[in-house]
>>> print(open('target33.txt').read())   # compact mmCIF, C-alpha atoms
# COMPACT_ATOMS: atom_id res chain seq x y z
CA MET A 1 78.48 -198.08 -39.65
CA ALA A 2 76.51 -195.56 -41.71
CA GLY A 3 74.83 -192.89 -39.65
CA ASP A 4 77.11 -193.24 -36.64
CA GLY A 5 80.32 -191.50 -35.73
CA GLU A 6 81.66 -188.00 -35.76
CA LEU A 7 81.92 -185.87 -38.88
CA LYS A 8 84.90 -183.72 -39.79
CA LEU A 9 85.09 -181.65 -42.97
CA LEU A 10 88.46 -180.56 -44.38
CA GLY A 11 87.84 -177.47 -46.49
CA MET A 12 88.69 -173.96 -47.52
CA TRP A 13 86.28 -171.11 -46.94
CA THR A 14 86.46 -169.93 -50.56
CA SER A 15 85.85 -173.25 -52.28
CA ALA A 16 82.64 -173.78 -54.28
CA PHE A 17 83.20 -177.50 -53.88
CA VAL A 18 83.46 -177.31 -50.10
CA LEU A 19 80.47 -175.00 -49.84
CA ARG A 20 78.08 -177.43 -51.46
CA VAL A 21 78.97 -180.02 -48.85
CA ARG A 22 78.38 -177.50 -46.05
CA PHE A 23 75.01 -176.65 -47.59
CA VAL A 24 73.90 -180.26 -47.34
CA LEU A 25 75.27 -180.74 -43.81
CA ASN A 26 73.31 -177.61 -42.90
CA LEU A 27 70.17 -178.88 -44.59
CA LYS A 28 70.28 -182.17 -42.76
CA SER A 29 71.26 -180.51 -39.46
CA LEU A 30 74.25 -182.80 -39.16
CA PRO A 31 76.83 -181.42 -36.71
CA TYR A 32 80.41 -181.44 -37.96
CA GLU A 33 83.81 -180.00 -37.22
CA PHE A 34 85.12 -177.72 -39.96
CA VAL A 35 88.88 -177.76 -40.44
CA GLU A 36 90.25 -174.91 -42.58
CA GLU A 37 93.08 -176.10 -44.81
CA ASN A 38 95.89 -173.90 -46.07
CA LEU A 39 96.54 -174.24 -49.80
CA GLY A 40 100.24 -173.52 -49.33
CA ASP A 41 100.73 -175.94 -46.44
CA LYS A 42 98.26 -178.80 -46.58
CA SER A 43 97.78 -180.79 -43.37
CA ASP A 44 99.08 -184.30 -42.96
CA LEU A 45 95.45 -185.34 -42.35
CA LEU A 46 94.43 -183.99 -45.78
CA LEU A 47 97.37 -185.64 -47.55
CA ALA A 48 96.67 -188.95 -45.82
CA SER A 49 92.91 -188.74 -46.43
CA ASN A 50 93.05 -187.84 -50.11
CA PRO A 51 96.44 -189.06 -51.34
CA VAL A 52 95.23 -189.29 -54.94
CA ASN A 53 94.01 -185.74 -55.55
CA LYS A 54 95.20 -183.93 -52.37
CA THR A 55 92.19 -181.61 -52.68
CA VAL A 56 89.38 -180.40 -50.45
CA PRO A 57 86.64 -181.16 -49.59
CA VAL A 58 87.29 -184.33 -47.65
CA LEU A 59 84.57 -185.59 -45.34
CA LEU A 60 85.80 -187.82 -42.54
CA HIS A 61 83.03 -189.99 -41.11
CA ALA A 62 84.14 -191.88 -38.02
CA GLY A 63 87.65 -191.50 -39.41
CA ARG A 64 86.95 -192.85 -42.90
CA PRO A 65 87.59 -190.32 -45.69
CA VAL A 66 85.16 -189.61 -48.53
CA ASN A 67 86.59 -187.46 -51.34
CA GLU A 68 85.27 -185.39 -54.27
CA SER A 69 82.36 -183.09 -53.58
CA GLN A 70 79.74 -184.75 -55.77
CA VAL A 71 80.63 -188.13 -54.29
CA ILE A 72 80.38 -186.68 -50.79
CA LEU A 73 76.91 -185.24 -51.47
CA GLN A 74 75.56 -188.59 -52.55
CA TYR A 75 77.34 -190.31 -49.66
CA ILE A 76 75.62 -188.05 -47.12
CA ASP A 77 72.26 -188.78 -48.75
CA GLU A 78 72.85 -192.52 -48.62
CA ALA A 79 74.50 -192.76 -45.20
CA TRP A 80 71.57 -190.88 -43.57
CA PRO A 81 68.66 -192.09 -45.72
CA ASP A 82 66.06 -191.22 -43.09
CA ARG A 83 67.34 -187.70 -42.50
CA PRO A 84 65.35 -185.16 -44.54
CA PRO A 85 65.56 -183.44 -46.89
CA ALA A 86 66.81 -185.88 -49.50
CA VAL A 87 69.41 -184.38 -51.83
CA LEU A 88 68.39 -186.63 -54.71
CA PRO A 89 64.76 -187.42 -55.68
CA SER A 90 63.54 -190.95 -55.04
CA ASP A 91 62.44 -191.67 -58.62
CA PRO A 92 65.26 -193.20 -60.72
CA TYR A 93 64.52 -191.08 -63.78
CA GLU A 94 64.43 -187.88 -61.77
CA ARG A 95 67.69 -188.91 -60.08
CA ALA A 96 69.29 -189.33 -63.52
CA VAL A 97 68.09 -185.87 -64.59
CA ALA A 98 69.51 -184.32 -61.38
CA ARG A 99 72.85 -186.09 -61.82
CA PHE A 100 73.04 -184.94 -65.45
CA TRP A 101 72.60 -181.29 -64.50
CA ALA A 102 74.89 -181.54 -61.47
CA ALA A 103 77.67 -182.82 -63.75
CA TYR A 104 76.83 -180.14 -66.31
CA VAL A 105 77.23 -177.38 -63.73
CA ASP A 106 80.77 -178.48 -62.92
CA ASP A 107 81.72 -178.86 -66.57
CA LYS A 108 80.27 -175.64 -67.89
CA ALA A 109 78.60 -173.46 -65.24
CA ASP A 110 80.30 -170.18 -66.06
CA ALA A 111 79.63 -170.42 -69.81
CA ALA A 112 76.13 -171.75 -69.82
CA LEU A 113 73.82 -169.82 -67.56
CA GLU A 114 71.19 -169.62 -70.30
CA THR A 115 71.07 -173.40 -70.64
CA LEU A 116 70.74 -173.64 -66.87
CA GLU A 117 67.86 -171.18 -67.03
CA GLY A 118 66.05 -173.63 -69.32
CA ALA A 119 67.00 -176.57 -67.10
CA LEU A 120 65.60 -174.82 -64.05
CA ARG A 121 62.25 -174.36 -65.73
CA GLU A 122 62.27 -177.96 -66.96
CA CYS A 123 63.60 -179.74 -63.83
CA SER A 124 61.47 -177.95 -61.33
CA GLY A 125 58.18 -177.88 -63.21
CA GLY A 126 57.65 -174.23 -62.35
CA LYS A 127 58.82 -174.60 -58.76
CA PRO A 128 61.55 -172.32 -57.38
CA PHE A 129 64.43 -174.81 -57.00
CA PHE A 130 66.00 -177.38 -59.33
CA GLY A 131 64.96 -179.83 -56.63
CA GLY A 132 61.33 -178.63 -56.80
CA ASP A 133 59.94 -177.02 -53.67
CA GLY A 134 63.19 -177.55 -51.79
CA VAL A 135 66.93 -177.57 -52.35
CA GLY A 136 68.36 -180.65 -54.11
CA LEU A 137 71.58 -181.92 -55.70
CA VAL A 138 71.69 -179.39 -58.55
CA ASP A 139 70.86 -176.48 -56.22
CA VAL A 140 73.72 -177.18 -53.84
CA VAL A 141 76.18 -177.86 -56.67
CA LEU A 142 75.38 -174.58 -58.46
CA GLY A 143 74.92 -172.75 -55.16
CA GLY A 144 78.52 -173.46 -54.24
CA TYR A 145 79.60 -171.01 -56.96
CA LEU A 146 77.58 -168.10 -55.54
CA GLY A 147 80.41 -166.97 -53.27
CA TRP A 148 82.63 -166.50 -56.30
CA PHE A 149 79.78 -164.88 -58.20
CA THR A 150 79.77 -162.24 -55.43
CA ALA A 151 83.50 -161.68 -55.95
CA ILE A 152 83.14 -161.57 -59.73
CA LYS A 153 80.36 -158.99 -59.39
CA LYS A 154 82.82 -156.82 -57.50
CA LEU A 155 85.30 -157.17 -60.37
CA ILE A 156 83.01 -156.70 -63.37
CA GLY A 157 80.40 -154.42 -61.84
CA ARG A 158 77.34 -156.56 -62.60
CA ARG A 159 75.75 -159.82 -61.45
CA MET A 160 77.04 -163.01 -63.09
CA ILE A 161 73.43 -164.21 -63.19
CA ASP A 162 71.83 -161.36 -65.10
CA PRO A 163 68.11 -160.95 -64.23
CA ALA A 164 67.44 -159.58 -67.72
CA ARG A 165 68.92 -162.59 -69.53
CA THR A 166 68.06 -165.36 -67.07
CA PRO A 167 65.21 -164.18 -64.84
CA ALA A 168 64.29 -167.58 -63.38
CA LEU A 169 67.92 -168.27 -62.48
CA ALA A 170 68.32 -164.81 -60.92
CA ALA A 171 65.21 -165.41 -58.79
CA TRP A 172 66.67 -168.79 -57.85
CA GLU A 173 69.91 -167.11 -56.74
CA ASP A 174 68.06 -164.72 -54.44
CA LEU A 175 66.02 -167.57 -52.95
CA PHE A 176 69.01 -169.86 -52.54
CA ARG A 177 71.04 -167.23 -50.71
CA ALA A 178 68.21 -167.06 -48.14
CA THR A 179 67.87 -170.81 -47.53
CA ASP A 180 68.81 -172.78 -44.45
CA ALA A 181 71.36 -174.52 -46.65
CA ALA A 182 73.33 -171.33 -47.30
CA ARG A 183 72.95 -169.87 -43.83
CA GLY A 184 76.30 -169.03 -42.25
CA VAL A 185 78.47 -170.69 -44.87
CA LEU A 186 78.18 -168.71 -48.11
CA PRO A 187 81.06 -166.21 -48.17
CA ASP A 188 80.12 -162.62 -48.94
CA ASP A 189 83.38 -160.69 -48.50
CA ALA A 190 84.36 -160.12 -52.15
CA ASP A 191 87.61 -158.31 -51.34
CA LYS A 192 88.82 -161.09 -49.09
CA MET A 193 87.98 -163.71 -51.74
CA LEU A 194 89.80 -161.84 -54.50
CA GLU A 195 92.82 -161.46 -52.23
CA PHE A 196 92.70 -165.21 -51.51
CA ARG A 197 92.62 -165.93 -55.23
CA GLN A 198 95.70 -163.81 -55.88
CA THR A 199 97.60 -165.63 -53.15
CA ALA A 200 96.47 -169.03 -54.41
CA LEU A 201 97.48 -168.29 -58.01
CA ALA A 202 100.85 -167.04 -56.78
CA LEU A 203 101.26 -170.40 -55.04
CA GLY A 204 100.77 -172.08 -58.39
CA ALA A 205 97.22 -173.33 -57.86
CA SER A 206 95.15 -173.96 -60.96
CA LYS A 207 92.21 -171.66 -61.64
CA LYS A 208 89.88 -174.60 -61.08
CA ILE A 209 91.27 -175.37 -57.63
CA THR A 210 91.03 -171.81 -56.39
CA LEU A 211 87.41 -171.57 -57.46
CA MET B 1 57.39 -196.55 -64.73
CA ALA B 2 60.85 -197.78 -63.80
CA GLY B 3 61.56 -201.28 -65.03
CA ASP B 4 58.96 -201.21 -67.79
CA GLY B 5 59.17 -200.21 -71.42
CA GLU B 6 61.48 -200.74 -74.33
CA LEU B 7 65.13 -199.75 -74.29
CA LYS B 8 66.93 -198.07 -77.15
CA LEU B 9 70.62 -197.07 -77.00
CA LEU B 10 72.00 -194.38 -79.31
CA GLY B 11 75.72 -195.01 -79.66
CA MET B 12 78.83 -195.37 -81.74
CA TRP B 13 80.71 -198.64 -81.91
CA THR B 14 84.04 -197.01 -81.06
CA SER B 15 82.97 -195.03 -78.00
CA ALA B 16 84.35 -195.95 -74.57
CA PHE B 17 81.38 -194.16 -73.06
CA VAL B 18 78.85 -196.16 -75.06
CA LEU B 19 80.64 -199.44 -74.38
CA ARG B 20 80.32 -199.16 -70.62
CA VAL B 21 76.56 -198.86 -70.99
CA ARG B 22 76.44 -201.93 -73.23
CA PHE B 23 78.51 -203.83 -70.66
CA VAL B 24 75.90 -203.18 -68.00
CA LEU B 25 72.94 -203.97 -70.27
CA ASN B 26 74.74 -207.23 -71.06
CA LEU B 27 75.38 -207.96 -67.40
CA LYS B 28 71.76 -207.45 -66.47
CA SER B 29 70.53 -209.32 -69.56
CA LEU B 30 68.36 -206.36 -70.51
CA PRO B 31 67.32 -206.50 -74.18
CA TYR B 32 67.77 -203.26 -76.12
CA GLU B 33 67.88 -201.90 -79.63
CA PHE B 34 71.28 -200.44 -80.58
CA VAL B 35 71.18 -197.48 -82.94
CA GLU B 36 74.53 -196.57 -84.52
CA GLU B 37 74.93 -192.82 -84.82
CA ASN B 38 77.06 -191.09 -87.44
CA LEU B 39 79.35 -188.41 -86.01
CA GLY B 40 79.13 -186.38 -89.22
CA ASP B 41 75.34 -186.58 -89.51
CA LYS B 42 73.68 -187.00 -86.14
CA SER B 43 70.10 -188.26 -86.15
CA ASP B 44 67.17 -186.03 -85.29
CA LEU B 45 66.42 -188.46 -82.46
CA LEU B 46 69.88 -187.88 -80.94
CA LEU B 47 69.63 -184.09 -81.27
CA ALA B 48 66.15 -184.12 -79.72
CA SER B 49 67.14 -186.54 -76.94
CA ASN B 50 70.34 -184.78 -75.89
CA PRO B 51 69.94 -181.17 -77.02
CA VAL B 52 72.44 -179.92 -74.42
CA ASN B 53 75.51 -182.00 -75.27
CA LYS B 54 74.43 -183.71 -78.54
CA THR B 55 76.62 -186.68 -77.60
CA VAL B 56 76.25 -190.44 -77.31
CA PRO B 57 75.41 -192.51 -75.37
CA VAL B 58 71.75 -191.75 -74.94
CA LEU B 59 69.55 -194.42 -73.37
CA LEU B 60 65.87 -194.13 -74.25
CA HIS B 61 63.66 -195.93 -71.76
CA ALA B 62 60.03 -196.04 -72.88
CA GLY B 63 60.89 -192.96 -74.92
CA ARG B 64 62.45 -190.91 -72.10
CA PRO B 65 66.11 -190.01 -72.68
CA VAL B 66 68.88 -190.47 -70.12
CA ASN B 67 72.19 -188.82 -71.03
CA GLU B 68 75.86 -189.04 -69.94
CA SER B 69 77.33 -192.49 -69.51
CA GLN B 70 77.98 -192.41 -65.77
CA VAL B 71 74.45 -191.11 -65.18
CA ILE B 72 73.05 -193.88 -67.39
CA LEU B 73 74.93 -196.60 -65.47
CA GLN B 74 73.48 -195.48 -62.17
CA TYR B 75 70.05 -195.07 -63.76
CA ILE B 76 70.06 -198.68 -64.96
CA ASP B 77 71.06 -199.84 -61.48
CA GLU B 78 68.26 -197.86 -59.86
CA ALA B 79 65.51 -198.49 -62.42
CA TRP B 80 66.02 -202.28 -62.16
CA PRO B 81 67.01 -202.63 -58.49
CA ASP B 82 66.08 -206.31 -58.34
CA ARG B 83 68.01 -207.27 -61.45
CA PRO B 84 71.46 -208.66 -60.55
CA PRO B 85 74.28 -207.96 -60.60
CA ALA B 86 74.25 -204.53 -58.95
CA VAL B 87 76.65 -202.07 -60.55
CA LEU B 88 77.18 -200.21 -57.27
CA PRO B 89 77.71 -201.89 -53.87
CA SER B 90 74.90 -201.57 -51.34
CA ASP B 91 77.03 -200.04 -48.56
CA PRO B 92 77.07 -196.20 -48.73
CA TYR B 93 80.81 -195.95 -48.01
CA GLU B 94 81.68 -198.55 -50.64
CA ARG B 95 79.41 -196.72 -53.09
CA ALA B 96 81.33 -193.50 -52.42
CA VAL B 97 84.66 -195.25 -53.04
CA ALA B 98 83.36 -196.71 -56.33
CA ARG B 99 82.03 -193.32 -57.48
CA PHE B 100 85.36 -191.69 -56.61
CA TRP B 101 87.32 -194.11 -58.77
CA ALA B 102 84.77 -194.07 -61.60
CA ALA B 103 85.14 -190.27 -61.79
CA TYR B 104 88.91 -190.61 -61.53
CA VAL B 105 89.04 -192.96 -64.50
CA ASP B 106 87.29 -190.43 -66.73
CA ASP B 107 89.46 -187.57 -65.54
CA LYS B 108 92.82 -189.26 -65.72
CA ALA B 109 92.69 -192.87 -66.96
CA ASP B 110 95.40 -192.65 -69.59
CA ALA B 111 97.92 -190.93 -67.31
CA ALA B 112 97.38 -192.83 -64.13
CA LEU B 113 97.44 -196.56 -64.60
CA GLU B 114 99.79 -196.97 -61.65
CA THR B 115 97.36 -195.22 -59.31
CA LEU B 116 94.59 -197.46 -60.65
CA GLU B 117 96.77 -200.48 -59.92
CA GLY B 118 96.86 -199.41 -56.28
CA ALA B 119 93.13 -198.70 -56.31
CA LEU B 120 92.38 -202.16 -57.68
CA ARG B 121 94.27 -203.79 -54.86
CA GLU B 122 92.59 -201.54 -52.30
CA CYS B 123 89.00 -201.55 -53.63
CA SER B 124 88.75 -205.23 -54.28
CA GLY B 125 90.50 -206.55 -51.18
CA GLY B 126 92.54 -208.97 -53.25
CA LYS B 127 89.62 -209.98 -55.49
CA PRO B 128 89.94 -209.81 -59.28
CA PHE B 129 87.61 -206.89 -60.07
CA PHE B 130 87.24 -203.37 -58.69
CA GLY B 131 83.72 -204.55 -57.81
CA GLY B 132 85.13 -207.55 -55.87
CA ASP B 133 84.22 -210.96 -57.21
CA GLY B 134 82.15 -209.47 -60.01
CA VAL B 135 82.12 -206.51 -62.37
CA GLY B 136 81.01 -203.17 -60.86
CA LEU B 137 80.86 -199.47 -61.68
CA VAL B 138 84.61 -198.90 -61.87
CA ASP B 139 85.14 -202.05 -63.96
CA VAL B 140 82.67 -201.04 -66.65
CA VAL B 141 83.88 -197.43 -66.71
CA LEU B 142 87.52 -198.43 -67.16
CA GLY B 143 86.58 -201.41 -69.36
CA GLY B 144 85.03 -199.04 -71.89
CA TYR B 145 88.53 -197.84 -72.77
CA LEU B 146 89.83 -201.30 -73.62
CA GLY B 147 88.72 -201.07 -77.24
CA TRP B 148 90.92 -198.01 -77.69
CA PHE B 149 93.72 -199.70 -75.74
CA THR B 150 93.66 -202.38 -78.46
CA ALA B 151 93.99 -199.70 -81.12
CA ILE B 152 96.75 -197.89 -79.23
CA LYS B 153 98.66 -201.17 -78.88
CA LYS B 154 98.60 -201.43 -82.66
CA LEU B 155 100.07 -197.91 -82.90
CA ILE B 156 102.74 -198.09 -80.20
CA GLY B 157 103.58 -201.78 -80.35
CA ARG B 158 102.96 -202.58 -76.69
CA ARG B 159 100.03 -202.95 -74.28
CA MET B 160 98.77 -199.71 -72.68
CA ILE B 161 98.40 -201.70 -69.45
CA ASP B 162 101.93 -203.01 -69.04
CA PRO B 163 102.03 -206.31 -67.08
CA ALA B 164 105.51 -205.45 -65.79
CA ARG B 165 104.49 -202.08 -64.33
CA THR B 166 100.91 -202.85 -63.31
CA PRO B 167 100.50 -206.62 -62.98
CA ALA B 168 97.18 -206.60 -61.11
CA LEU B 169 95.65 -204.23 -63.66
CA ALA B 170 96.95 -206.32 -66.57
CA ALA B 171 95.41 -209.44 -65.04
CA TRP B 172 92.19 -207.47 -64.59
CA GLU B 173 92.24 -206.52 -68.29
CA ASP B 174 92.52 -210.15 -69.37
CA LEU B 175 89.70 -211.18 -67.05
CA PHE B 176 87.45 -208.29 -68.03
CA ARG B 177 87.81 -209.02 -71.73
CA ALA B 178 86.48 -212.53 -71.02
CA THR B 179 83.42 -211.48 -68.96
CA ASP B 180 79.77 -211.67 -69.92
CA ALA B 181 79.79 -207.88 -69.74
CA ALA B 182 82.28 -207.51 -72.58
CA ARG B 183 80.93 -210.33 -74.70
CA GLY B 184 80.05 -209.22 -78.21
CA VAL B 185 80.45 -205.49 -77.62
CA LEU B 186 84.15 -204.76 -77.05
CA PRO B 187 85.63 -203.76 -80.44
CA ASP B 188 88.82 -205.57 -81.44
CA ASP B 189 89.50 -204.32 -84.96
CA ALA B 190 92.34 -201.87 -84.32
CA ASP B 191 92.70 -200.79 -87.96
CA LYS B 192 89.04 -199.95 -88.27
CA MET B 193 89.13 -197.96 -85.02
CA LEU B 194 92.16 -195.95 -86.07
CA GLU B 195 90.52 -195.23 -89.42
CA PHE B 196 87.37 -194.07 -87.56
CA ARG B 197 89.47 -191.76 -85.42
CA GLN B 198 91.08 -190.13 -88.44
CA THR B 199 87.68 -189.50 -89.99
CA ALA B 200 86.29 -188.14 -86.73
CA LEU B 201 89.19 -185.75 -86.22
CA ALA B 202 88.85 -184.58 -89.82
CA LEU B 203 85.21 -183.79 -89.03
CA GLY B 204 86.42 -181.56 -86.21
CA ALA B 205 85.55 -183.84 -83.29
CA SER B 206 87.49 -183.33 -80.09
CA LYS B 207 89.94 -186.02 -79.03
CA LYS B 208 87.72 -186.72 -76.02
CA ILE B 209 84.62 -187.33 -78.12
CA THR B 210 86.30 -189.74 -80.48
CA LEU B 211 87.65 -191.79 -77.61
>>> encode(input="target33.txt", output="structure tokens")
Amino acid sequence: MAGDGELKLLGMWTSAFVLRVRFVLNLKSLPYEFVEENLGDKSDLLLASNPVNKTVPVLLHAGRPVNESQVILQYIDEAWPDRPPAVLPSDPYERAVARFWAAYVDDKADAALETLEGALRECSGGKPFFGGDGVGLVDVVLGGYLGWFTAIKKLIGRRMIDPARTPALAAWEDLFRATDAARGVLPDDADKMLEFRQTALALGASKKITL
Amino acid sequence: MAGDGELKLLGMWTSAFVLRVRFVLNLKSLPYEFVEENLGDKSDLLLASNPVNKTVPVLLHAGRPVNESQVILQYIDEAWPDRPPAVLPSDPYERAVARFWAAYVDDKADAALETLEGALRECSGGKPFFGGDGVGLVDVVLGGYLGWFTAIKKLIGRRMIDPARTPALAAWEDLFRATDAARGVLPDDADKMLEFRQTALALGASKKITL
């Protein structure tokens, strides 16, 4: 039954898609067991839980698997409807706008920071997060990439989110990194992440999966 | 306010993504004005309503645009919560399963009919639709492709959904084509669709957009 039962998250510490789920579990103060998966030797539990895509994250709730990060985020919101904060707004139109931008981030995040700058101003009505005063669906989806943005900064010598080009988004990044959502889960060891990426690519992972 | 106001759908008659929205508007008996867009000369209303992606479908509800077909489907469900049938199940876990497969269809439909065969048996518990006894999110998302499956059959001389390989899915196709959802909106003129595709590709459209 929704709301009951233990939570287990199969993930990898580098994954933007796993991170966003951890952000929301953090936000809602839901206790969970984190199980680190190995890209080169996936566990039987992962293969049995997500036989279609064989990818992380997988959230096991009382043993039942939920797959795909954006599906998991909405599942958590709906399975614990009385547990604040809500990831999605309550108004149907605002929910549609949030879902649009959350999908956009996954399709085009790295190429479209300027569009996201405009979306931030529009979605939030001048407030600091896409979700308004607090973190919402779009914040956690984009926030999941910030670990890799740290690694990329190490490689290219400047921030991915350039304060000169996208000042609102850069301010958002600083704020998001300091939220309860990100606390303790956002990776910050750029060298270790870049090393992980090399190993993953050598194992034949796609660029998308390693991100 | 949700539930009030006129509905206008910007679309193209060939689009799988537009069709799924029309299926749901049909199912819920919601009256709407259909505006056919021209890929080579998009209307100012389309460009103003979806400045980010400039694609159809766009649903205008009392003048406010909702973009991206899967976002629109969930918006319709949430803006008219008391209007049956529901596109998504009420149970959070079942909603997550439906969203997983709806996303899967868009990522991999043409390459993965056998996986969808298994999903149909699993999702529906032996009932005819992914949504159970009636049409749901996964049904309308996959159903949107059936117009193109008609055109492809004309090209390759056999059904895309092969009854010998995927019998449950083939039975589903026959049933879906006969539903209230599909009535009057599923294109069946293969020659005209193939001609449209040639024109669209000549205009530089991506394969994805023309589908």
>>> interface_residues(input="target33.txt", of="chain A", to="chain B", cutoff="10 Å", atoms="all atoms listed in the file", output="MDAnalysis selection string")
chainID A and resid 1:3 52:53 61 64:81 90:101 103:104 115:116 119
>>> atom_distance(input="target33.txt", atom1="CA of Leu155 (chain A)", atom2="CA of Glu36 (chain A)")
25.6 Å
>>> residues_around(input="target33.txt", residues="region 122-134 of chain B", least_positions_apart="6", cutoff="10 Å", atoms="all atoms listed in the file", output="short mmCIF file (atom, residue, chain, number, x, y, z; two decimals) with C-alpha atoms, in the frame of the given file")
data_model
loop_
_atom_site.label_atom_id
_atom_site.label_comp_id
_atom_site.auth_asym_id
_atom_site.auth_seq_id
_atom_site.Cartn_x
_atom_site.Cartn_y
_atom_site.Cartn_z
CA PRO B 85 74.28 -207.96 -60.60
CA ALA B 86 74.25 -204.53 -58.95
CA VAL B 87 76.65 -202.07 -60.55
CA LEU B 88 77.18 -200.21 -57.27
CA PRO B 89 77.71 -201.89 -53.87
CA GLU B 94 81.68 -198.55 -50.64
CA VAL B 97 84.66 -195.25 -53.04
CA ALA B 98 83.36 -196.71 -56.33
CA TRP B 101 87.32 -194.11 -58.77
CA LEU B 116 94.59 -197.46 -60.65
CA VAL B 140 82.67 -201.04 -66.65
CA LEU B 142 87.52 -198.43 -67.16
CA ALA B 168 97.18 -206.60 -61.11
CA LEU B 169 95.65 -204.23 -63.66
CA ALA B 171 95.41 -209.44 -65.04
CA TRP B 172 92.19 -207.47 -64.59
CA GLU B 173 92.24 -206.52 -68.29
CA LEU B 175 89.70 -211.18 -67.05
CA PHE B 176 87.45 -208.29 -68.03
CA THR B 179 83.42 -211.48 -68.96
#
>>> atom_distance(input="target33.txt", atom1="CA of Met12 (chain A)", atom2="CA of Val56 (chain A)")
7.1 Å
>>> closest_residue(input="target33.txt", among="A:Ser29, A:Thr14, A:Thr166, A:Ser43", to="Arg183 (chain A)", atoms="all atoms listed in the file")
A:Ser29
>>> closest_residue(input="target33.txt", among="A:Ala102, A:Met193, A:Val24, A:Leu59", to="Glu6 (chain A)", atoms="all atoms listed in the file")
A:Leu59
>>> atom_distance(input="target33.txt", atom1="CA of Phe17 (chain A)", atom2="CA of Arg83 (chain A)")
22.0 Å
